[in-house]
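Undergrad: What follows is start19.cif, made up of mmCIF, C-alpha atoms and all ligand atoms:
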data_run
#
loop_
_atom_site.group_PDB
_atom_site.id
_atom_site.type_symbol
_atom_site.label_atom_id
_atom_site.label_comp_id
_atom_site.auth_asym_id
_atom_site.auth_seq_id
_atom_site.Cartn_x
_atom_site.Cartn_y
_atom_site.Cartn_z
ATOM 1 C CA SER P 15 27.367 156.782 79.656
ATOM 2 C CA ARG P 16 28.585 156.499 83.181
ATOM 3 C CA PRO P 17 30.998 159.070 84.541
ATOM 4 C CA ALA P 18 34.346 157.489 85.251
ATOM 5 C CA GLN P 19 34.422 156.848 88.977
ATOM 6 C CA SER P 20 37.857 156.965 90.504
ATOM 7 C CA ILE P 21 38.663 153.317 91.033
ATOM 8 C CA SER P 22 40.917 154.037 93.933
ATOM 9 C CA GLU P 23 38.595 153.240 96.775
ATOM 10 C CA HIS P 24 39.706 153.250 100.336
ATOM 11 C CA LEU P 25 38.011 151.083 102.861
ATOM 12 C CA ILE P 26 38.224 151.992 106.466
ATOM 13 C CA PHE P 27 36.828 149.266 108.632
ATOM 14 C CA VAL P 28 35.512 150.845 111.757
ATOM 15 C CA SER P 29 34.310 148.294 114.144
ATOM 16 C CA LEU P 30 33.949 147.520 117.760
ATOM 17 C CA ASN P 31 34.467 144.049 116.326
ATOM 18 C CA GLN P 32 30.835 143.768 115.352
ATOM 19 C CA GLY P 33 30.832 141.860 112.117
ATOM 20 C CA ARG P 34 34.270 143.106 111.079
ATOM 21 C CA ASN P 35 35.230 139.698 109.777
ATOM 22 C CA THR P 36 31.902 138.839 108.210
ATOM 23 C CA ILE P 37 31.596 142.072 106.296
ATOM 24 C CA SER P 38 35.247 142.341 105.301
ATOM 25 C CA ALA P 39 35.171 138.762 104.046
ATOM 26 C CA TRP P 40 32.254 139.595 101.794
ATOM 27 C CA LEU P 41 33.729 142.913 100.750
ATOM 28 C CA SER P 42 37.135 141.375 99.956
ATOM 29 C CA GLU P 43 35.302 138.852 97.777
ATOM 30 C CA CYS P 44 33.298 141.463 95.986
ATOM 31 C CA VAL P 45 34.685 144.949 96.007
ATOM 32 C CA TRP P 46 38.366 144.642 95.495
ATOM 33 C CA ASN P 47 38.940 141.121 94.217
ATOM 34 C CA GLU P 48 40.169 141.579 90.616
ATOM 35 C CA LYS P 49 38.316 138.510 89.350
ATOM 36 C CA THR P 50 34.850 138.942 90.793
ATOM 37 C CA GLY P 51 34.795 142.478 92.051
ATOM 38 C CA LEU P 52 34.886 145.880 90.434
ATOM 39 C CA GLY P 53 38.659 146.037 90.166
ATOM 40 C CA CYS P 54 38.873 148.785 92.739
ATOM 41 C CA ASP P 55 42.270 149.601 94.177
ATOM 42 C CA VAL P 56 41.505 149.358 97.863
ATOM 43 C CA LYS P 57 43.510 150.310 100.932
ATOM 44 C CA ASP P 58 42.100 148.608 104.020
ATOM 45 C CA ARG P 59 42.526 149.928 107.527
ATOM 46 C CA GLU P 60 41.071 148.879 110.834
ATOM 47 C CA LEU P 61 40.474 151.354 113.633
ATOM 48 C CA LYS P 62 40.444 150.125 117.206
ATOM 49 C CA PHE P 63 38.821 152.137 119.967
ATOM 50 C CA ASP P 64 39.356 152.226 123.729
ATOM 51 C CA ILE P 65 36.554 151.921 126.210
ATOM 52 C CA ILE P 66 36.954 154.902 128.549
ATOM 53 C CA PRO P 67 36.508 153.795 132.196
ATOM 54 C CA ASN P 68 33.874 155.463 134.405
ATOM 55 C CA ASP P 69 32.222 156.899 131.338
ATOM 56 C CA HIS P 70 29.114 158.227 133.100
ATOM 57 C CA PRO P 71 26.132 159.311 130.985
ATOM 58 C CA TYR P 72 25.748 163.006 130.131
ATOM 59 C CA HIS P 73 21.993 163.602 130.417
ATOM 60 C CA ASN P 74 20.585 161.014 127.977
ATOM 61 C CA ALA P 75 23.837 160.211 126.184
ATOM 62 C CA LYS P 76 25.424 156.926 127.198
ATOM 63 C CA ASN P 77 29.201 156.376 127.071
ATOM 64 C CA PRO P 78 29.797 159.894 125.704
ATOM 65 C CA ARG P 79 33.580 159.892 126.247
ATOM 66 C CA THR P 80 34.079 156.491 124.589
ATOM 67 C CA VAL P 81 31.892 157.444 121.624
ATOM 68 C CA GLY P 82 33.402 160.927 121.415
ATOM 69 C CA ARG P 83 37.025 159.772 121.424
ATOM 70 C CA ALA P 84 36.259 157.043 118.875
ATOM 71 C CA ASN P 85 34.651 159.569 116.554
ATOM 72 C CA GLU P 86 37.538 162.000 116.964
ATOM 73 C CA LYS P 87 39.882 159.246 115.811
ATOM 74 C CA LEU P 88 37.576 158.302 112.937
ATOM 75 C CA ALA P 89 37.266 161.913 111.780
ATOM 76 C CA SER P 90 41.029 162.238 111.306
ATOM 77 C CA ALA P 91 41.209 158.845 109.577
ATOM 78 C CA VAL P 92 38.496 159.867 107.093
ATOM 79 C CA GLU P 93 40.186 163.239 106.563
ATOM 80 C CA GLU P 94 43.418 161.408 105.664
ATOM 81 C CA VAL P 95 41.600 159.179 103.154
ATOM 82 C CA LYS P 96 40.028 162.213 101.502
ATOM 83 C CA LYS P 97 43.421 163.995 101.349
ATOM 84 C CA ASP P 98 44.654 160.847 99.593
ATOM 85 C CA GLY P 99 41.982 161.546 96.940
ATOM 86 C CA ARG P 100 40.149 158.287 97.601
ATOM 87 C CA THR P 101 36.518 157.360 98.081
ATOM 88 C CA CYS P 102 36.022 156.372 101.700
ATOM 89 C CA LEU P 103 33.935 153.419 102.861
ATOM 90 C CA VAL P 104 33.455 153.194 106.621
ATOM 91 C CA VAL P 105 32.024 149.902 107.860
ATOM 92 C CA GLY P 106 30.490 149.920 111.341
ATOM 93 C CA GLY P 107 29.450 149.527 114.008
ATOM 94 C CA ASP P 108 26.493 151.642 114.946
ATOM 95 C CA HIS P 109 25.294 154.923 113.471
ATOM 96 C CA SER P 110 26.991 157.129 116.071
ATOM 97 C CA LEU P 111 30.126 156.695 113.929
ATOM 98 C CA ALA P 112 28.597 159.101 111.397
ATOM 99 C CA ILE P 113 29.565 161.957 113.746
ATOM 100 C CA GLY P 114 33.239 161.256 113.050
ATOM 101 C CA SER P 115 32.873 160.094 109.482
ATOM 102 C CA ILE P 116 30.938 163.166 108.308
ATOM 103 C CA SER P 117 33.110 165.517 110.393
ATOM 104 C CA GLY P 118 36.172 164.078 108.641
ATOM 105 C CA HIS P 119 34.499 164.377 105.243
ATOM 106 C CA ALA P 120 34.114 168.099 105.501
ATOM 107 C CA LYS P 121 32.318 170.240 102.927
ATOM 108 C CA THR P 122 30.161 167.318 101.912
ATOM 109 C CA GLU P 123 26.735 168.177 100.481
ATOM 110 C CA PRO P 124 24.251 166.601 100.347
ATOM 111 C CA VAL P 125 24.391 163.941 103.001
ATOM 112 C CA ILE P 126 22.023 161.112 102.067
ATOM 113 C CA TRP P 127 20.671 159.715 105.347
ATOM 114 C CA PHE P 128 19.360 156.266 104.373
ATOM 115 C CA ASP P 129 17.542 155.195 107.538
ATOM 116 C CA ALA P 130 14.205 154.257 109.116
ATOM 117 C CA HIS P 131 15.059 156.814 111.801
ATOM 118 C CA ALA P 132 15.888 160.539 111.846
ATOM 119 C CA ASP P 133 18.752 160.072 114.377
ATOM 120 C CA ILE P 134 18.210 163.661 115.420
ATOM 121 C CA ASN P 135 17.655 163.200 119.155
ATOM 122 C CA THR P 136 19.886 165.254 121.437
ATOM 123 C CA PRO P 137 21.259 164.157 124.845
ATOM 124 C CA LEU P 138 18.312 166.112 126.268
ATOM 125 C CA THR P 139 15.548 164.559 124.129
ATOM 126 C CA SER P 140 16.676 160.940 123.628
ATOM 127 C CA LEU P 141 14.433 158.383 125.308
ATOM 128 C CA SER P 142 16.954 155.575 125.051
ATOM 129 C CA GLY P 143 20.214 157.447 125.726
ATOM 130 C CA ASN P 144 21.709 155.478 122.822
ATOM 131 C CA MET P 145 24.010 157.657 120.758
ATOM 132 C CA HIS P 146 23.144 155.860 117.530
ATOM 133 C CA GLY P 147 19.896 157.878 117.645
ATOM 134 C CA GLN P 148 21.706 161.230 117.986
ATOM 135 C CA PRO P 149 24.381 161.691 115.252
ATOM 136 C CA VAL P 150 22.397 164.130 113.099
ATOM 137 C CA ALA P 151 21.743 166.366 116.114
ATOM 138 C CA PHE P 152 25.475 166.465 116.908
ATOM 139 C CA LEU P 153 26.305 167.406 113.306
ATOM 140 C CA LEU P 154 23.703 170.153 112.804
ATOM 141 C CA LYS P 155 24.854 173.737 113.337
ATOM 142 C CA GLU P 156 21.249 174.740 114.093
ATOM 143 C CA LEU P 157 20.936 172.433 117.112
ATOM 144 C CA LYS P 158 24.057 173.676 118.891
ATOM 145 C CA VAL P 159 24.573 170.441 120.875
ATOM 146 C CA SER P 160 27.514 171.284 123.148
ATOM 147 C CA GLY P 161 29.208 170.502 126.436
ATOM 148 C CA VAL P 162 29.090 166.752 125.903
ATOM 149 C CA PRO P 163 32.236 165.205 127.459
ATOM 150 C CA GLY P 164 34.363 163.547 124.768
ATOM 151 C CA PHE P 165 33.080 165.865 122.023
ATOM 152 C CA GLU P 166 35.148 168.965 122.787
ATOM 153 C CA TRP P 167 36.772 168.473 119.325
ATOM 154 C CA LEU P 168 33.469 168.511 117.399
ATOM 155 C CA LYS P 169 32.531 171.445 115.138
ATOM 156 C CA PRO P 170 28.990 170.939 113.723
ATOM 157 C CA CYS P 171 29.359 171.035 109.937
ATOM 158 C CA LEU P 172 25.860 170.442 108.499
ATOM 159 C CA SER P 173 22.724 172.502 107.948
ATOM 160 C CA ALA P 174 19.289 170.885 107.851
ATOM 161 C CA GLU P 175 18.908 171.529 104.123
ATOM 162 C CA ASP P 176 22.115 169.559 103.442
ATOM 163 C CA ILE P 177 20.449 166.317 104.565
ATOM 164 C CA VAL P 178 18.260 164.150 102.309
ATOM 165 C CA TYR P 179 16.421 161.360 104.162
ATOM 166 C CA ILE P 180 15.561 158.074 102.435
ATOM 167 C CA GLY P 181 13.410 155.376 104.060
ATOM 168 C CA LEU P 182 12.421 157.528 107.052
ATOM 169 C CA ARG P 183 9.455 156.045 108.919
ATOM 170 C CA ASP P 184 10.076 156.100 112.682
ATOM 171 C CA VAL P 185 10.546 159.640 114.048
ATOM 172 C CA ASP P 186 10.220 160.200 117.806
ATOM 173 C CA ASP P 187 7.865 162.932 119.072
ATOM 174 C CA ALA P 188 10.846 164.869 120.416
ATOM 175 C CA GLU P 189 12.497 164.724 116.966
ATOM 176 C CA GLN P 190 9.446 166.101 115.118
ATOM 177 C CA PRO P 191 9.911 169.836 115.810
ATOM 178 C CA THR P 192 13.423 169.720 114.335
ATOM 179 C CA PHE P 193 12.054 167.978 111.324
ATOM 180 C CA PRO P 194 10.313 170.466 109.035
ATOM 181 C CA LYS P 195 6.942 169.164 107.807
ATOM 182 C CA ASP P 196 7.723 169.871 104.153
ATOM 183 C CA ARG P 197 10.513 167.349 104.363
ATOM 184 C CA GLN P 198 8.160 164.487 105.274
ATOM 185 C CA GLU P 199 6.875 163.837 101.746
ATOM 186 C CA GLN P 200 10.359 164.357 100.325
ATOM 187 C CA THR P 201 11.478 161.240 102.154
ATOM 188 C CA LEU P 202 8.968 159.124 100.235
ATOM 189 C CA SER P 203 10.583 159.812 96.888
ATOM 190 C CA LEU P 204 13.610 157.952 95.635
ATOM 191 C CA ASN P 205 14.736 160.663 93.247
ATOM 192 C CA ILE P 206 17.055 161.897 95.856
ATOM 193 C CA ILE P 207 19.520 164.070 94.115
ATOM 194 C CA SER P 208 18.039 167.239 92.655
ATOM 195 C CA PRO P 209 19.792 168.624 89.556
ATOM 196 C CA GLN P 210 20.573 171.754 91.582
ATOM 197 C CA LYS P 211 22.449 169.682 94.136
ATOM 198 C CA ILE P 212 24.421 167.881 91.437
ATOM 199 C CA ASN P 213 25.310 171.172 89.761
ATOM 200 C CA LYS P 214 27.027 172.250 92.977
ATOM 201 C CA LYS P 215 29.497 169.427 92.242
ATOM 202 C CA LYS P 216 30.067 168.946 95.985
ATOM 203 C CA PRO P 217 31.210 165.562 97.366
ATOM 204 C CA ILE P 218 28.217 163.428 98.336
ATOM 205 C CA HIS P 219 28.154 161.387 101.568
ATOM 206 C CA LEU P 220 25.879 158.344 101.850
ATOM 207 C CA SER P 221 25.218 157.340 105.453
ATOM 208 C CA PHE P 222 23.614 153.919 104.918
ATOM 209 C CA ASP P 223 21.877 152.479 107.984
ATOM 210 C CA VAL P 224 20.736 149.013 106.947
ATOM 211 C CA ASP P 225 17.532 149.387 108.976
ATOM 212 C CA GLY P 226 16.374 151.793 106.267
ATOM 213 C CA LEU P 227 15.712 148.636 104.252
ATOM 214 C CA ASP P 228 12.729 146.352 104.800
ATOM 215 C CA PRO P 229 13.453 144.139 107.840
ATOM 216 C CA PRO P 230 13.210 140.772 105.993
ATOM 217 C CA LEU P 231 16.212 141.930 103.918
ATOM 218 C CA THR P 232 18.376 142.969 106.868
ATOM 219 C CA PRO P 233 17.107 141.225 110.008
ATOM 220 C CA ALA P 234 20.444 141.335 111.898
ATOM 221 C CA THR P 235 20.018 144.893 113.112
ATOM 222 C CA GLY P 236 18.991 146.546 116.369
ATOM 223 C CA THR P 237 15.919 148.649 115.565
ATOM 224 C CA PRO P 238 14.040 147.146 112.581
ATOM 225 C CA VAL P 239 10.879 148.977 111.391
ATOM 226 C CA PRO P 240 8.347 147.368 109.003
ATOM 227 C CA GLY P 241 7.642 148.898 105.583
ATOM 228 C CA GLY P 242 11.209 149.672 104.556
ATOM 229 C CA VAL P 243 13.000 150.294 101.285
ATOM 230 C CA THR P 244 13.052 147.277 98.936
ATOM 231 C CA LEU P 245 16.280 145.832 97.560
ATOM 232 C CA ARG P 246 15.393 147.078 94.055
ATOM 233 C CA GLU P 247 14.808 150.607 95.388
ATOM 234 C CA GLY P 248 18.011 150.507 97.452
ATOM 235 C CA ILE P 249 20.047 149.443 94.433
ATOM 236 C CA TYR P 250 18.385 152.155 92.339
ATOM 237 C CA VAL P 251 19.363 154.815 94.902
ATOM 238 C CA ALA P 252 22.964 153.561 94.974
ATOM 239 C CA GLU P 253 23.152 153.446 91.154
ATOM 240 C CA GLN P 254 21.875 157.051 90.980
ATOM 241 C CA LEU P 255 24.572 158.107 93.409
ATOM 242 C CA TYR P 256 27.263 156.304 91.408
ATOM 243 C CA LYS P 257 26.109 157.986 88.188
ATOM 244 C CA THR P 258 26.657 161.441 89.667
ATOM 245 C CA GLY P 259 30.366 160.639 89.880
ATOM 246 C CA LEU P 260 30.275 162.606 93.146
ATOM 247 C CA LEU P 261 29.869 159.823 95.710
ATOM 248 C CA SER P 262 32.796 160.518 97.977
ATOM 249 C CA ALA P 263 32.177 158.658 101.260
ATOM 250 C CA VAL P 264 29.861 155.880 102.414
ATOM 251 C CA ASP P 265 29.101 154.668 105.950
ATOM 252 C CA THR P 266 27.558 151.221 106.304
ATOM 253 C CA VAL P 267 26.147 150.855 109.799
ATOM 254 C CA GLU P 268 23.849 148.955 112.152
ATOM 255 C CA ILE P 269 24.689 145.475 110.882
ATOM 256 C CA ASN P 270 24.904 143.409 114.052
ATOM 257 C CA PRO P 271 25.577 139.706 113.429
ATOM 258 C CA ARG P 272 24.821 138.987 117.073
ATOM 259 C CA LEU P 273 21.196 139.911 116.389
ATOM 260 C CA GLY P 274 20.705 137.443 113.549
ATOM 261 C CA LYS P 275 18.606 134.516 114.827
ATOM 262 C CA THR P 276 20.218 132.197 112.267
ATOM 263 C CA GLN P 277 23.319 132.276 110.064
ATOM 264 C CA GLU P 278 20.971 132.813 107.110
ATOM 265 C CA GLU P 279 19.715 136.015 108.732
ATOM 266 C CA VAL P 280 23.289 137.267 109.173
ATOM 267 C CA ASP P 281 24.197 136.269 105.601
ATOM 268 C CA SER P 282 21.117 137.967 104.164
ATOM 269 C CA THR P 283 21.878 141.169 106.072
ATOM 270 C CA VAL P 284 25.524 141.298 104.971
ATOM 271 C CA ASN P 285 24.817 140.234 101.373
ATOM 272 C CA THR P 286 22.087 142.844 101.012
ATOM 273 C CA ALA P 287 24.366 145.577 102.382
ATOM 274 C CA VAL P 288 27.207 144.513 100.096
ATOM 275 C CA SER P 289 25.021 144.465 96.970
ATOM 276 C CA ILE P 290 23.929 148.033 97.659
ATOM 277 C CA ILE P 291 27.490 149.171 98.378
ATOM 278 C CA LEU P 292 28.665 147.581 95.113
ATOM 279 C CA SER P 293 25.975 149.477 93.185
ATOM 280 C CA GLY P 294 27.286 152.666 94.724
ATOM 281 C CA PHE P 295 30.748 151.772 93.493
ATOM 282 C CA GLY P 296 29.717 151.022 89.933
ATOM 283 C CA LYS P 297 28.263 147.507 89.755
ATOM 284 C CA ALA P 298 25.499 147.922 87.208
ATOM 285 C CA ARG P 299 22.424 145.727 86.817
ATOM 286 C CA GLU P 300 22.600 146.149 83.078
ATOM 287 C CA GLY P 301 26.067 144.605 83.291
HETATM 288 N N1 LIG P 401 14.871 157.062 117.893
HETATM 289 C C1 LIG P 401 15.339 155.946 118.674
HETATM 290 C C2 LIG P 401 15.918 154.887 117.706
HETATM 291 C C3 LIG P 401 17.247 155.278 117.151
HETATM 292 C C4 LIG P 401 17.734 154.285 116.096
HETATM 293 C C5 LIG P 401 19.169 154.551 115.738
HETATM 294 B B1 LIG P 401 19.627 154.077 114.297
HETATM 295 O O1 LIG P 401 18.849 154.790 113.316
HETATM 296 O O2 LIG P 401 20.985 154.458 114.097
HETATM 297 O O3 LIG P 401 19.433 152.687 114.134
HETATM 298 C C6 LIG P 401 14.203 155.385 119.527
HETATM 299 C C7 LIG P 401 13.287 154.529 118.784
HETATM 300 N N2 LIG P 401 12.055 154.147 119.450
HETATM 301 C C8 LIG P 401 11.841 154.697 120.814
HETATM 302 C C9 LIG P 401 10.487 154.242 121.388
HETATM 303 C C10 LIG P 401 10.335 152.742 121.340
HETATM 304 C C11 LIG P 401 10.671 152.186 119.987
HETATM 305 C C12 LIG P 401 12.028 152.679 119.522
HETATM 306 C C13 LIG P 401 16.365 156.381 119.667
HETATM 307 O O4 LIG P 401 16.749 155.524 120.473
HETATM 308 O O5 LIG P 401 16.740 157.557 119.652
HETATM 309 MN MN MN P 402 22.203 150.822 116.823
HETATM 310 MN MN MN P 403 20.620 155.359 111.982
HETATM 311 MN MN MN P 404 18.017 153.350 111.929
#
Could you render the structure as structure tokens?

TA:
Amino acid sequence: SRPAQSISEHLIFVSLNQGRNTISAWLSECVWNEKTGLGCDVKDRELKFDIIPNDHPYHNAKNPRTVGRANEKLASAVEEVKKDGRTCLVVGGDHSLAIGSISGHAKTEPVIWFDAHADINTPLTSLSGNMHGQPVAFLLKELKVSGVPGFEWLKPCLSAEDIVYIGLRDVDDAEQPTFPKDRQEQTLSLNIISPQKINKKKPIHLSFDVDGLDPPLTPATGTPVPGGVTLREGIYVAEQLYKTGLLSAVDTVEINPRLGKTQEEVDSTVNTAVSIILSGFGKAREG
């Protein structure tokens, strides 16, 4: 039997206008449309962010003030949704938005980091300077990332053992030391939620970076890595999370329609993401 999942879902669309329309069109068709969807009661909200002028890099962190302010705004929006007792779905945009989304979804444990990448570079270790490769570092108490302009508001809220990686297969040298060896094999399994974790009855956060999936499934993304999670495995993970009855917030990130070579590539990327989201919200393969 499946635990009753609160059907009052709350979608927050967070976008720098990347794919907002494409994804919301699909989601409106699927998630909250009475006829075809799951009958969820959805409140939809769009967050707009300002580009901060003269936003000079801070070491290897590009646009820190713009990204920091955006995440501050997102954190309070997610906090409001949680106060409203709703499940929160944040649709991005790139993975830096997880800094705000997870900060707003306080006391979450575990955080399922579905991703080809560890995203645990700091402004001092990142090779690219892109903040989508740094959110975990900003959130971890152990790493004490501080002094980044735009992030004065941020209070790191996670410990390394609160994070469960799925699909991990592209970790930078500089990220290795932070990443305990014993966690490497863990990332190969799909049985992600240990009974102990479920017994804690804490709200679970799924941070779903579509590049965790195999690139042919989600080609419209910035940093694809071969050998990813299959659709069947991705759906299985989402179904497991739904069955706990504890899935409390989901980020869907790194879909970038501008990177799809054809409309089919964009459609495949969005459709794949939506089918996994729907499984997390109760759509069952056995009907
Ligand atoms: N680790 C990378 C990729 C981050 C991907 C962010 B995500 O997960 O949100 O999509 C660097 C990756 N790598 C660097 C060397 C050349 C190939 C790419 C980085 O830029 O930090
Ligand atoms: Mn990105
Ligand atoms: Mn990521
Ligand atoms: Mn990634």

Undergrad: Would you mind telling me which residue in P:Val125, P:Val95, P:Met145, P:Ile134 lies nearest to P:Asn77 when using only C-alpha atoms?

TA: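 Ranked by minimum distance to P:Asn77, first place goes to P:Met145.
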
Undergrad: Closest to P:Ser173 among P:Val185, P:Leu141, P:Ile249, P:Leu153, using only C-alpha atoms?

TA: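 With only C-alpha atoms as the atom set, the closest residue is P:Leu153.
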
Undergrad: Just checking: using all atoms listed in the file, which residue out of P:Glu93, P:Glu175, P:Asp64, P:Asp133 ends up closest to ligand MN 403 (chain P)?

TA: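 Using all atoms listed in the file, the shortest distance to ligand MN 403 (chain P) belongs to P:Asp133.
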
Undergrad: Which residues fall under the PyMOL selection byres (((not hetatm)) within 7 of (chain P and resi 402)) in this file, as a PDB file with C-alpha atoms, in the coordinates of the input?

TA:
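Below is the file that was written, part-v8.pdb:
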ATOM      1  CA  ASP P 108      26.493 151.642 114.946  1.00  0.00           C
ATOM      2  CA  HIS P 109      25.294 154.923 113.471  1.00  0.00           C
ATOM      3  CA  HIS P 146      23.144 155.860 117.530  1.00  0.00           C
ATOM      4  CA  GLY P 236      18.991 146.546 116.369  1.00  0.00           C
ATOM      5  CA  THR P 237      15.919 148.649 115.565  1.00  0.00           C
ATOM      6  CA  GLU P 268      23.849 148.955 112.152  1.00  0.00           C
TER       7      GLU P 268
END

Undergrad: Suppose a student applies the PyMOL selection byres (((chain P and resi 270-286) around 6) and not hetatm) to this structure; what residues should they get, written as a list in words?

TA: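 With the shown file as input, the PyMOL selection byres (((chain P and resi 270-286) around 6) and not hetatm) matches Gly33, Thr232, Pro233, Ala234, Thr235, Glu268, Ile269, Ala287, Val288 and Ser289 of chain P.
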
Undergrad: Quick one: of P:Lys155, P:Arg100, P:Trp167, P:Ala252, who's nearest to P:Ala84, counting only C-alpha atoms?

TA: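 Closest to P:Ala84 of all the choices is P:Trp167.
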
Undergrad: Just the number, please: distance in Å from atom CA of P:Pro71 to atom CA of P:Lys158, one decimal.

TA: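 Atom-to-atom, atom CA of P:Pro71 to atom CA of P:Lys158, that is 18.9 Å.
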
Undergrad: Considering all atoms listed in the file, can you say which of P:Glu300, P:Glu166, P:Asp186, P:Asp228 comes closest to ligand LIG 401 (chain P)?

TA: P:Asp186

Undergrad: So how far away is atom CA of P:Val104 from atom CA of P:Asp265, in Å?

TA: 4.6 Å

Undergrad: Please define a box with edges along x, y and z of the file around all atoms of stretch 226-231 of chain P given in the file, extend it by 4 Å on each side, and return its centre and edge lengths in Å to one decimal, as AutoDock Vina command-line options.

TA:
--center_x 14.6 --center_y 146.3 --center_z 105.9 --size_x 11.6 --size_y 19.0 --size_z 11.9

Undergrad: Given the choices P:Ile177, P:Leu157, P:Ala75, P:Leu260, which gets closest to P:Lys214 if the distance is worked out from all atoms listed in the file?

TA: P:Leu260

Undergrad: Show me the residues around (22.5, 151.3, 106.6) - criterion: an atom at most 7 Å away, only C-alpha atoms counted - as a PDB file with C-alpha atoms, keeping the file's coordinate frame.

TA:
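See out-v3.pdb below for the written result:
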ATOM      1  CA  PHE P 128      19.360 156.266 104.373  1.00  0.00           C
ATOM      2  CA  ASP P 129      17.542 155.195 107.538  1.00  0.00           C
ATOM      3  CA  SER P 221      25.218 157.340 105.453  1.00  0.00           C
ATOM      4  CA  PHE P 222      23.614 153.919 104.918  1.00  0.00           C
ATOM      5  CA  ASP P 223      21.877 152.479 107.984  1.00  0.00           C
ATOM      6  CA  VAL P 224      20.736 149.013 106.947  1.00  0.00           C
ATOM      7  CA  ASP P 225      17.532 149.387 108.976  1.00  0.00           C
ATOM      8  CA  GLY P 226      16.374 151.793 106.267  1.00  0.00           C
ATOM      9  CA  THR P 266      27.558 151.221 106.304  1.00  0.00           C
ATOM     10  CA  VAL P 267      26.147 150.855 109.799  1.00  0.00           C
ATOM     11  CA  GLU P 268      23.849 148.955 112.152  1.00  0.00           C
TER      12      GLU P 268
END

Undergrad: Around (10.9, 155.8, 104.4), as given in the file, which residues come within 9 Å? Count all atoms listed in the file and list them as a PyMOL selection string.

TA: chain P and resi 128-131+179-184+201-203+226-227+241-243

Undergrad: Just to confirm, what's the straight-line distance from atom N2 of ligand LIG 401 (chain P) to atom CA of P:Ser140 in Å (one decimal)?

TA: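 Distance between the two atoms: 9.2 Å.
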
Undergrad: Using the chain letters and residue numbers of this document, give as a PyMOL selection string the residues selected by the PyMOL selection byres (((chain P and resi 89) around 12) and not hetatm).

TA: chain P and resi 26+28+61+82-88+90-96+102+104+111-120+165+167-169

Undergrad: Since fewer atoms than expected are present, regenerate N, CA and C atoms for stretch 166-180 of chain P and write them as an mmCIF file, keeping the file's coordinate frame.

TA:
data_model
loop_
_atom_site.group_PDB
_atom_site.id
_atom_site.type_symbol
_atom_site.label_atom_id
_atom_site.label_comp_id
_atom_site.auth_asym_id
_atom_site.auth_seq_id
_atom_site.Cartn_x
_atom_site.Cartn_y
_atom_site.Cartn_z
ATOM 1 N N GLU P 166 34.595 167.609 122.802
ATOM 2 C CA GLU P 166 35.148 168.965 122.787
ATOM 3 C C GLU P 166 35.688 169.297 121.384
ATOM 4 N N TRP P 167 36.141 168.269 120.650
ATOM 5 C CA TRP P 167 36.772 168.473 119.325
ATOM 6 C C TRP P 167 35.751 168.813 118.242
ATOM 7 N N LEU P 168 34.469 168.514 118.480
ATOM 8 C CA LEU P 168 33.469 168.511 117.399
ATOM 9 C C LEU P 168 33.026 169.919 117.004
ATOM 10 N N LYS P 169 33.064 170.169 115.650
ATOM 11 C CA LYS P 169 32.531 171.445 115.138
ATOM 12 C C LYS P 169 31.375 171.078 114.193
ATOM 13 N N PRO P 170 30.110 171.320 114.600
ATOM 14 C CA PRO P 170 28.990 170.939 113.723
ATOM 15 C C PRO P 170 29.194 171.500 112.314
ATOM 16 N N CYS P 171 28.995 170.624 111.313
ATOM 17 C CA CYS P 171 29.359 171.035 109.937
ATOM 18 C C CYS P 171 28.183 170.957 108.965
ATOM 19 N N LEU P 172 26.995 170.599 109.431
ATOM 20 C CA LEU P 172 25.860 170.442 108.499
ATOM 21 C C LEU P 172 24.738 171.428 108.814
ATOM 22 N N SER P 173 23.985 171.769 107.747
ATOM 23 C CA SER P 173 22.724 172.502 107.948
ATOM 24 C C SER P 173 21.599 171.566 107.548
ATOM 25 N N ALA P 174 20.411 171.802 108.089
ATOM 26 C CA ALA P 174 19.289 170.885 107.851
ATOM 27 C C ALA P 174 19.054 170.663 106.355
ATOM 28 N N GLU P 175 19.216 171.730 105.552
ATOM 29 C CA GLU P 175 18.908 171.529 104.123
ATOM 30 C C GLU P 175 19.978 170.706 103.403
ATOM 31 N N ASP P 176 21.074 170.387 104.087
ATOM 32 C CA ASP P 176 22.115 169.559 103.442
ATOM 33 C C ASP P 176 21.782 168.068 103.541
ATOM 34 N N ILE P 177 20.728 167.741 104.309
ATOM 35 C CA ILE P 177 20.449 166.317 104.565
ATOM 36 C C ILE P 177 19.224 165.868 103.774
ATOM 37 N N VAL P 178 19.376 164.748 103.052
ATOM 38 C CA VAL P 178 18.260 164.150 102.309
ATOM 39 C C VAL P 178 17.974 162.796 102.956
ATOM 40 N N TYR P 179 16.770 162.633 103.512
ATOM 41 C CA TYR P 179 16.421 161.360 104.162
ATOM 42 C C TYR P 179 15.796 160.403 103.142
ATOM 43 N N ILE P 180 16.185 159.123 103.260
ATOM 44 C CA ILE P 180 15.561 158.074 102.435
ATOM 45 C C ILE P 180 15.125 156.954 103.372
#
